[in-house]
>>> print(open('work33.tsv').read())   # TSV, C-alpha atoms
chain	number	residue	atom	x	y	z
Q	442	MET	CA	73.07	128.90	45.71
Q	443	GLY	CA	71.76	130.00	49.05
Q	444	ASN	CA	70.24	129.07	52.38
Q	445	ASP	CA	73.34	126.99	53.15
Q	446	GLY	CA	75.16	129.49	55.28
Q	447	GLY	CA	77.99	129.83	52.71
Q	448	SER	CA	79.23	132.82	50.74
Q	449	ILE	CA	80.82	133.41	47.35
Q	450	PRO	CA	83.93	135.65	47.55
Q	451	THR	CA	84.19	138.43	45.01
Q	452	ARG	CA	87.25	139.19	42.89
Q	453	ARG	CA	88.08	142.18	45.05
Q	454	GLU	CA	88.16	140.08	48.22
Q	455	LEU	CA	90.37	137.42	46.63
Q	456	LEU	CA	92.90	139.93	45.30
Q	457	LYS	CA	92.97	141.86	48.55
Q	458	SER	CA	93.56	138.69	50.56
Q	459	ALA	CA	96.33	137.47	48.25
Q	460	GLY	CA	98.14	140.81	48.12
Q	461	ARG	CA	98.09	141.79	51.78
Q	462	SER	CA	101.34	141.83	53.69
Q	463	LYS	CA	101.91	139.51	56.61
Q	464	THR	CA	101.36	140.81	60.09
Q	465	HIS	CA	104.14	141.07	62.66
Q	466	SER	CA	102.93	137.97	64.50
Q	467	GLU	CA	102.83	135.95	61.26
Q	468	LEU	CA	106.36	137.03	60.35
Q	469	ARG	CA	107.57	136.19	63.84
Q	470	ASP	CA	105.98	132.72	63.69
Q	471	SER	CA	107.53	131.95	60.30
Q	472	GLN	CA	110.98	133.06	61.50
Q	473	THR	CA	110.61	130.94	64.64
Q	474	GLN	CA	109.62	127.87	62.60
Q	475	ARG	CA	112.52	128.38	60.20
Q	476	SER	CA	115.00	128.80	63.07
Q	477	GLN	CA	113.65	125.70	64.81
Q	478	TYR	CA	114.03	123.71	61.59
Q	479	TYR	CA	117.70	124.72	61.18
Q	480	TRP	CA	118.36	123.70	64.80
Q	481	THR	CA	116.68	120.31	64.31
Q	482	TYR	CA	117.56	119.05	60.82
Q	483	CYS	CA	120.67	118.93	58.66
Q	484	ALA	CA	120.32	121.52	55.89
Q	485	LEU	CA	121.95	119.17	53.36
Q	486	SER	CA	120.57	115.69	54.06
Q	487	LYS	CA	117.26	116.87	55.65
Q	488	ARG	CA	117.79	114.33	58.45
Q	489	PRO	CA	117.82	115.07	62.19
Q	490	LEU	CA	121.08	116.50	63.46
Q	491	ALA	CA	123.26	113.95	65.25
Q	492	SER	CA	126.86	114.03	66.44
Q	493	PRO	CA	129.32	114.63	64.88
Q	494	ILE	CA	128.00	118.01	63.70
Q	495	VAL	CA	129.86	120.62	61.64
Q	496	ALA	CA	129.13	124.24	60.68
Q	497	ASP	CA	130.20	126.55	57.85
Q	498	HIS	CA	131.42	130.13	58.11
Q	499	LEU	CA	127.81	131.42	58.23
Q	500	GLY	CA	126.88	129.21	61.19
Q	501	ARG	CA	124.63	126.71	59.38
Q	502	LEU	CA	124.66	123.23	60.97
Q	503	TYR	CA	125.14	119.96	59.05
Q	504	ASN	CA	125.75	116.31	59.82
Q	505	LYS	CA	129.40	115.58	59.20
Q	506	ASP	CA	128.72	112.38	57.27
Q	507	ALA	CA	126.41	114.33	54.92
Q	508	ILE	CA	129.15	116.88	54.15
Q	509	ILE	CA	131.70	114.14	53.47
Q	510	GLU	CA	129.23	112.32	51.23
Q	511	TRP	CA	128.60	115.55	49.30
Q	512	LEU	CA	132.33	116.23	48.86
Q	513	LEU	CA	132.84	112.71	47.50
Q	514	LYS	CA	129.77	112.20	45.28
Q	515	ARG	CA	128.32	115.68	44.76
Q	516	LEU	CA	124.95	115.58	42.94
Q	517	GLU	CA	124.75	111.79	43.16
Q	518	ALA	CA	124.39	112.16	46.92
Q	519	PHE	CA	122.11	115.22	47.18
Q	520	GLY	CA	120.41	116.69	44.14
Q	521	ASP	CA	119.84	120.10	45.75
Q	522	GLY	CA	123.31	120.28	47.29
Q	523	GLU	CA	124.51	123.11	45.04
Q	524	GLU	CA	121.46	125.20	45.89
Q	525	VAL	CA	121.78	124.56	49.64
Q	526	LEU	CA	125.53	125.33	49.74
Q	527	LYS	CA	125.42	128.20	47.26
Q	528	GLY	CA	127.56	131.09	48.52
Q	529	ARG	CA	128.80	129.13	51.54
Q	530	GLY	CA	132.19	128.13	50.14
Q	531	VAL	CA	132.17	124.52	51.35
Q	532	ASN	CA	134.79	122.98	49.05
Q	533	GLY	CA	136.63	120.80	51.55
Q	534	LEU	CA	136.97	119.86	55.20
Q	535	LYS	CA	139.02	123.01	55.80
Q	536	ASP	CA	135.91	125.09	55.14
Q	537	ILE	CA	133.94	123.59	58.06
Q	538	VAL	CA	134.48	123.30	61.80
Q	539	GLU	CA	133.20	120.49	64.01
Q	540	VAL	CA	130.92	121.94	66.68
Q	541	HIS	CA	131.10	120.42	70.16
Q	542	PHE	CA	127.79	120.81	72.01
Q	543	HIS	CA	127.45	120.04	75.70
Q	544	GLN	CA	124.67	117.45	75.89
Q	545	LEU	CA	122.15	117.71	78.69
Q	546	GLU	CA	121.00	114.11	78.57
Q	547	SER	CA	120.98	111.11	76.24
Q	548	THR	CA	117.89	109.00	75.56
Q	549	PRO	CA	118.42	105.26	76.27
Q	550	GLU	CA	116.70	104.16	73.04
Q	551	LYS	CA	119.27	105.98	70.90
Q	552	GLU	CA	121.54	103.63	69.00
Q	553	HIS	CA	124.94	104.42	67.55
Q	554	ASN	CA	126.57	103.07	64.44
Q	555	GLY	CA	130.20	102.04	64.11
Q	556	ASN	CA	131.29	105.58	63.21
Q	557	GLY	CA	130.07	107.08	66.47
Q	558	ALA	CA	127.14	108.88	64.83
Q	559	ALA	CA	123.69	108.45	66.31
Q	560	GLU	CA	121.24	106.46	64.23
Q	561	GLN	CA	118.17	108.58	63.51
Q	562	THR	CA	115.15	107.56	61.49
Q	563	GLU	CA	114.19	109.94	58.71
Q	564	GLY	CA	111.41	112.30	59.74
Q	565	SER	CA	112.08	111.97	63.49
Q	566	GLU	CA	113.07	114.84	65.75
Q	567	ARG	CA	116.56	115.52	67.05
Q	568	LYS	CA	117.03	113.47	70.23
Q	569	GLU	CA	120.08	115.28	71.61
Q	570	ARG	CA	119.52	118.21	73.98
Q	571	TRP	CA	122.24	120.84	74.00
Q	572	VAL	CA	122.95	123.35	76.75
Q	573	CYS	CA	125.49	126.05	77.37
Q	574	PRO	CA	128.10	124.66	79.82
Q	575	ILE	CA	128.35	128.08	81.54
Q	576	THR	CA	124.75	129.31	81.87
Q	577	CYS	CA	123.03	125.89	81.54
Q	578	LYS	CA	120.60	127.53	79.09
Q	579	GLU	CA	119.26	125.10	76.50
Q	580	LEU	CA	120.51	125.90	73.00
Q	581	GLY	CA	118.03	125.88	70.15
Q	582	GLY	CA	115.58	128.03	68.24
Q	583	GLY	CA	115.05	131.45	69.83
Q	584	VAL	CA	118.41	131.40	71.66
Q	585	ARG	CA	121.42	133.33	70.38
Q	586	ALA	CA	124.25	130.80	70.44
Q	587	VAL	CA	127.83	130.90	69.14
Q	588	TYR	CA	130.74	128.55	68.59
Q	589	LEU	CA	134.44	129.31	68.70
Q	590	VAL	CA	137.05	128.71	66.01
Q	591	PRO	CA	139.21	126.66	65.95
Q	592	CYS	CA	138.11	124.56	68.97
Q	593	GLY	CA	134.39	124.43	68.01
Q	594	CYS	CA	132.97	124.67	71.55
Q	595	ALA	CA	129.40	126.03	71.64
Q	596	PHE	CA	128.04	128.52	74.19
Q	597	ALA	CA	125.23	130.99	74.67
Q	598	GLU	CA	126.28	134.35	73.24
Q	599	GLY	CA	125.64	136.11	76.53
Q	600	ALA	CA	128.12	133.88	78.36
Q	601	ILE	CA	130.96	134.81	75.98
Q	602	LYS	CA	130.22	138.55	76.18
Q	603	GLU	CA	129.85	138.65	79.97
Q	604	THR	CA	132.99	136.64	80.70
Q	605	ALA	CA	135.03	138.75	78.25
Q	606	ALA	CA	133.76	141.93	79.95
Q	607	ALA	CA	134.46	140.52	83.42
Q	608	ARG	CA	138.02	139.69	82.45
Q	609	GLY	CA	138.49	143.13	80.94
Q	610	ARG	CA	139.80	141.60	77.71
Q	611	GLU	CA	137.12	142.65	75.23
Q	612	GLY	CA	138.52	142.67	71.71
Q	613	GLU	CA	141.64	140.74	72.79
Q	614	THR	CA	142.65	137.12	72.34
Q	615	THR	CA	141.38	135.02	75.25
Q	616	GLU	CA	140.96	131.36	76.22
Q	617	CYS	CA	137.95	129.13	75.66
Q	618	LEU	CA	135.88	128.63	78.81
Q	619	GLN	CA	135.58	124.89	78.23
Q	620	CYS	CA	138.79	123.60	76.63
Q	621	GLY	CA	141.18	126.48	77.36
Q	622	LYS	CA	142.34	126.94	73.76
Q	623	PRO	CA	142.99	130.56	72.71
Q	624	TYR	CA	140.64	132.28	70.28
Q	625	ASN	CA	140.23	135.72	68.75
Q	626	PRO	CA	136.95	137.62	69.28
Q	627	ARG	CA	136.74	137.84	65.49
Q	628	ASP	CA	136.36	134.04	65.40
Q	629	VAL	CA	133.15	133.91	67.48
Q	630	ILE	CA	130.62	132.50	64.98
Q	631	ASN	CA	126.87	132.88	65.44
Q	632	ILE	CA	124.90	129.64	65.02
Q	633	ASN	CA	122.01	129.91	62.55
Q	634	PRO	CA	122.02	133.73	62.54
Q	635	THR	CA	118.99	135.64	61.28
Q	636	ALA	CA	120.07	139.27	61.75
Q	637	GLU	CA	121.60	140.91	58.68
Q	638	ALA	CA	124.33	142.50	60.82
Q	639	ASP	CA	125.55	139.08	62.02
Q	640	ILE	CA	125.56	137.63	58.49
Q	641	THR	CA	127.45	140.64	57.12
Q	642	ARG	CA	130.05	140.36	59.89
Q	643	LEU	CA	130.65	136.68	59.14
Q	644	GLN	CA	130.98	137.33	55.40
Q	645	THR	CA	133.48	140.14	56.06
Q	646	ARG	CA	135.46	137.83	58.37
Q	647	LEU	CA	135.83	135.20	55.65
Q	648	LYS	CA	137.04	137.83	53.16
Q	649	ASP	CA	139.65	139.03	55.65
Q	650	LEU	CA	140.82	135.45	56.22
Q	651	SER	CA	141.05	134.84	52.47
Q	652	THR	CA	143.41	137.80	52.10
Q	653	LEU	CA	145.60	136.19	54.77
Q	654	GLY	CA	145.56	132.84	52.95
Q	655	LEU	CA	143.42	131.13	55.61
Q	656	THR	CA	140.16	129.21	55.50
Q	657	HIS	CA	137.21	129.31	57.89
Q	658	SER	CA	138.87	126.77	60.19
Q	659	LEU	CA	142.02	128.97	60.29
Q	660	LYS	CA	143.94	126.38	58.29
Q	661	LYS	CA	146.16	127.34	55.39
Q	662	ALA	CA	144.27	127.59	52.12
Q	663	ALA	CA	145.39	125.77	48.99
Q	664	GLY	CA	148.08	127.76	47.18
Q	665	GLU	CA	147.99	128.96	43.60
Q	666	LYS	CA	150.53	126.30	42.55
Q	667	SER	CA	148.29	123.53	43.84
Q	668	LYS	CA	145.26	124.99	42.04
Q	669	LYS	CA	147.18	125.31	38.77
Q	670	ARG	CA	148.50	121.74	39.07
Q	671	LYS	CA	145.00	120.34	39.64
Q	672	LEU	CA	143.66	122.36	36.72
Q	673	LYS	CA	146.42	121.09	34.45
Q	674	GLU	CA	145.78	117.48	35.49
Q	675	LYS	CA	142.09	117.94	34.81
Q	676	GLU	CA	142.79	119.28	31.32
Q	677	ASN	CA	145.14	116.39	30.55
Q	678	GLY	CA	142.59	113.85	31.77
Q	679	THR	CA	144.93	112.39	34.38
Q	680	THR	CA	142.60	113.13	37.26
Q	681	ASN	CA	139.89	110.79	35.97
Q	682	GLY	CA	142.35	108.00	35.33
Q	683	ASP	CA	143.70	108.07	38.84
Q	684	SER	CA	140.36	108.61	40.60
Q	685	SER	CA	139.91	104.98	41.61
Q	686	LYS	CA	143.43	104.84	43.08
Q	687	ASN	CA	142.89	108.10	44.94
Q	688	ASN	CA	139.59	106.91	46.40
Q	689	ASP	CA	141.30	103.86	47.89
Q	690	ASN	CA	143.85	106.06	49.64
Q	691	VAL	CA	141.46	108.77	50.84
Q	692	SER	CA	140.65	107.25	54.20
Q	693	SER	CA	144.28	106.31	54.86
Q	694	ASN	CA	145.40	109.93	54.37
Q	695	ILE	CA	142.87	111.37	56.85
Q	696	LYS	CA	144.30	111.89	60.33
Q	697	ASN	CA	140.97	112.13	62.18
Q	698	SER	CA	139.82	108.58	62.94
Q	699	ALA	CA	136.10	109.44	62.98
Q	700	THR	CA	136.32	111.24	59.64
Q	701	ALA	CA	138.35	108.39	58.15
Q	702	SER	CA	135.81	105.78	59.24
Q	703	ILE	CA	132.89	107.78	57.80
Q	704	THR	CA	134.78	108.30	54.53
Q	705	SER	CA	135.63	104.61	54.20
Q	706	LYS	CA	131.99	103.69	54.80
Q	707	VAL	CA	130.76	106.08	52.08
Q	708	LEU	CA	133.35	104.75	49.60
Q	709	ALA	CA	132.41	101.15	50.41
Q	710	ASP	CA	128.72	101.89	49.80
Q	711	GLU	CA	129.56	103.51	46.47
Q	712	ARG	CA	131.63	100.52	45.34
Q	713	GLU	CA	128.81	98.16	46.34
Q	714	LYS	CA	126.27	100.18	44.31
Q	715	THR	CA	128.57	100.06	41.28
Q	716	LYS	CA	128.86	96.28	41.52
Q	717	LEU	CA	125.09	95.89	41.79
Q	718	ARG	CA	124.53	98.06	38.72
Q	719	LYS	CA	126.88	95.87	36.70
Q	720	LEU	CA	125.26	92.65	37.90
Q	721	GLU	CA	121.74	93.86	37.18
Q	722	MET	CA	122.50	94.49	33.48
Q	723	SER	CA	120.83	91.64	31.56
Q	724	ASP	CA	122.26	89.78	28.55
Q	725	SER	CA	119.68	91.40	26.26
Q	726	VAL	CA	120.94	94.85	27.24
Q	727	LYS	CA	124.56	93.79	26.80
Q	728	SER	CA	123.79	92.45	23.31
Q	729	LEU	CA	122.88	95.95	22.16
Q	730	PHE	CA	126.49	97.02	22.40
Q	731	SER	CA	129.49	95.74	20.47
Q	732	ALA	CA	132.28	93.98	22.26
Q	733	PRO	CA	135.52	95.97	22.49
Q	734	GLU	CA	137.25	93.63	20.04
Q	735	ALA	CA	134.49	94.04	17.46
Q	736	ASN	CA	134.97	97.76	16.90
Q	737	ASP	CA	137.09	97.23	13.79
Q	738	SER	CA	135.23	97.52	10.45
Q	739	LYS	CA	136.30	94.01	9.34
Q	740	ASP	CA	135.12	92.42	12.60
Q	741	ARG	CA	131.89	94.38	12.45
Q	742	SER	CA	131.05	92.96	9.01
Q	743	LYS	CA	131.32	89.44	10.44
Q	744	ARG	CA	128.66	90.16	13.04
Q	745	ARG	CA	124.94	89.92	12.23
Q	746	GLY	CA	124.31	93.47	11.06
Q	747	GLY	CA	126.41	95.03	13.85
Q	748	ASP	CA	124.80	96.55	16.92
Q	749	PHE	CA	121.83	98.89	17.16
Q	750	MET	CA	124.04	101.89	16.40
Q	751	THR	CA	125.68	100.51	13.24
Q	752	ARG	CA	122.98	98.17	11.94
Q	753	GLY	CA	122.01	99.10	8.37
Q	754	TYR	CA	125.14	101.14	7.72
Q	755	THR	CA	128.47	100.20	6.18
Q	756	LEU	CA	131.78	101.94	6.37
Q	757	PRO	CA	133.90	102.35	3.23
Q	758	ASN	CA	137.13	100.36	3.12
Q	759	ARG	CA	140.24	102.47	3.28
>>> encode(input="work33.tsv", output="structure tokens")
Amino acid sequence: MGNDGGSIPTRRELLKSAGRSKTHSELRDSQTQRSQYYWTYCALSKRPLASPIVADHLGRLYNKDAIIEWLLKRLEAFGDGEEVLKGRGVNGLKDIVEVHFHQLESTPEKEHNGNGAAEQTEGSERKERWVCPITCKELGGGVRAVYLVPCGCAFAEGAIKETAAARGREGETTECLQCGKPYNPRDVININPTAEADITRLQTRLKDLSTLGLTHSLKKAAGEKSKKRKLKEKENGTTNGDSSKNNDNVSSNIKNSATASITSKVLADEREKTKLRKLEMSDSVKSLFSAPEANDSKDRSKRRGGDFMTRGYTLPNR
């Protein structure tokens, strides 16, 4: 144990190293890495962000197909979905807004699927480059960016503040600099905010909208009658019985063509998986269970000892 240039740390050194607080530079690096990750990958599917992109009321970015898949299949789609969306109130498409980024350039090797979404391989970086259409500043980690509700256009925060001050209409309803749709200064949403003041402001905004009966996208929230009706149907078991019929009509009831195409694709994949599961069940597995017509006690006695649940037991005749 010596003459090798090494050293044996003592207990005091180990405890001191483990308990020390991070330096300012270490904290800054970790915040920068976390911000860069949120600007590069979907928080729900963990895949690179690709158009179409949506955001919740706290400014977190997601792939739109991932949100639709979560709303349709829940934990079957993403096991950590409840933890990721905890406290974000994403219960439907009214609780998100599609964000329209101005793309700087598009790589020629990027391929698109039939739904208009860019095909990205898992683990790769985001290929789209986004810039503010006013300042031409690239949007990403380390840049304070915002999007407007309800239009969803994305800008650098400085561009919105400076143009509002130049017009002399700070605090008043004004028009979007890109599409011309009116918006309220209250509905300027920070993208991937890190400051506690920004997060508190966005949470207060959603509470104010809830008192007005509105959602994050400024659409009318579901009324109490609708909630009570759905709860009553769930208690009566009618919701489960009509689920297959409702799934067939989901895409036809959606007005947005891109959303409808993504929804139909997810439903088709789910139906295909269900068919494969049924086909893969072997005869030996099926023989473990009784046929529906053999559930009666008289029919069960005719079988060879019943199935694995009833074998060895007899039911008294009534």
>>> residues_around(input="work33.tsv", residues="Asn633 (chain Q)", least_positions_apart="2", cutoff="8 Å", atoms="all atoms listed in the file", output="VMD selection string")
chain Q and resid 476 479 to 480 499 to 502 631 635
>>> closest_residue(input="work33.tsv", among="Q:Arg570, Q:Lys716, Q:Arg608, Q:Arg469", to="Phe542 (chain Q)", atoms="only C-alpha atoms")
Q:Arg570
>>> atom_distance(input="work33.tsv", atom1="CA of Pro574 (chain Q)", atom2="CA of Cys620 (chain Q)")
11.2 Å
>>> atom_distance(input="work33.tsv", atom1="CA of Ala597 (chain Q)", atom2="CA of Gly581 (chain Q)")
9.9 Å
>>> closest_residue(input="work33.tsv", among="Q:Ile575, Q:Val540, Q:Leu659, Q:Val590", to="Thr604 (chain Q)", atoms="all atoms listed in the file")
Q:Ile575
>>> residues_around(input="work33.tsv", residues="Ser658 (chain Q)", least_positions_apart="3", cutoff="8 Å", atoms="all atoms listed in the file", output="list in words")
Lys535, Asp536, Ile537, Val538, Val590, Pro591 and Leu655 of chain Q
>>> closest_residue(input="work33.tsv", among="Q:Ser466, Q:Gln472, Q:Gln544, Q:Gln619", to="Leu580 (chain Q)", atoms="all atoms listed in the file")
Q:Gln544
>>> atom_distance(input="work33.tsv", atom1="CA of Glu613 (chain Q)", atom2="CA of Gly654 (chain Q)")
21.7 Å
>>> residues_around(input="work33.tsv", residues="Ala518 (chain Q)", least_positions_apart="6", cutoff="9 Å", atoms="only C-alpha atoms", output="PyMOL selection string")
chain Q and resi 486+507+510-511
>>> residues_around(input="work33.tsv", residues="Asp497 (chain Q)", least_positions_apart="6", cutoff="12 Å", atoms="only C-alpha atoms", output="PyMOL selection string")
chain Q and resi 484-485+503-505+508+525-540+588-590+593+630-634+643-644+647+656-658
>>> closest_residue(input="work33.tsv", among="Q:Cys594, Q:Val572, Q:Ala636, Q:Leu650", to="Tyr624 (chain Q)", atoms="only C-alpha atoms")
Q:Cys594
>>> closest_residue(input="work33.tsv", among="Q:Leu468, Q:Val584, Q:Asp506, Q:Arg453", to="Ala699 (chain Q)", atoms="only C-alpha atoms")
Q:Asp506
>>> axis_aligned_box(input="work33.tsv", around="region 572-587 of chain Q", padding_each_side="5 Å", output="AutoDock Vina command-line options")
--center_x 121.7 --center_y 128.3 --center_z 75.1 --size_x 23.3 --size_y 20.0 --size_z 23.6
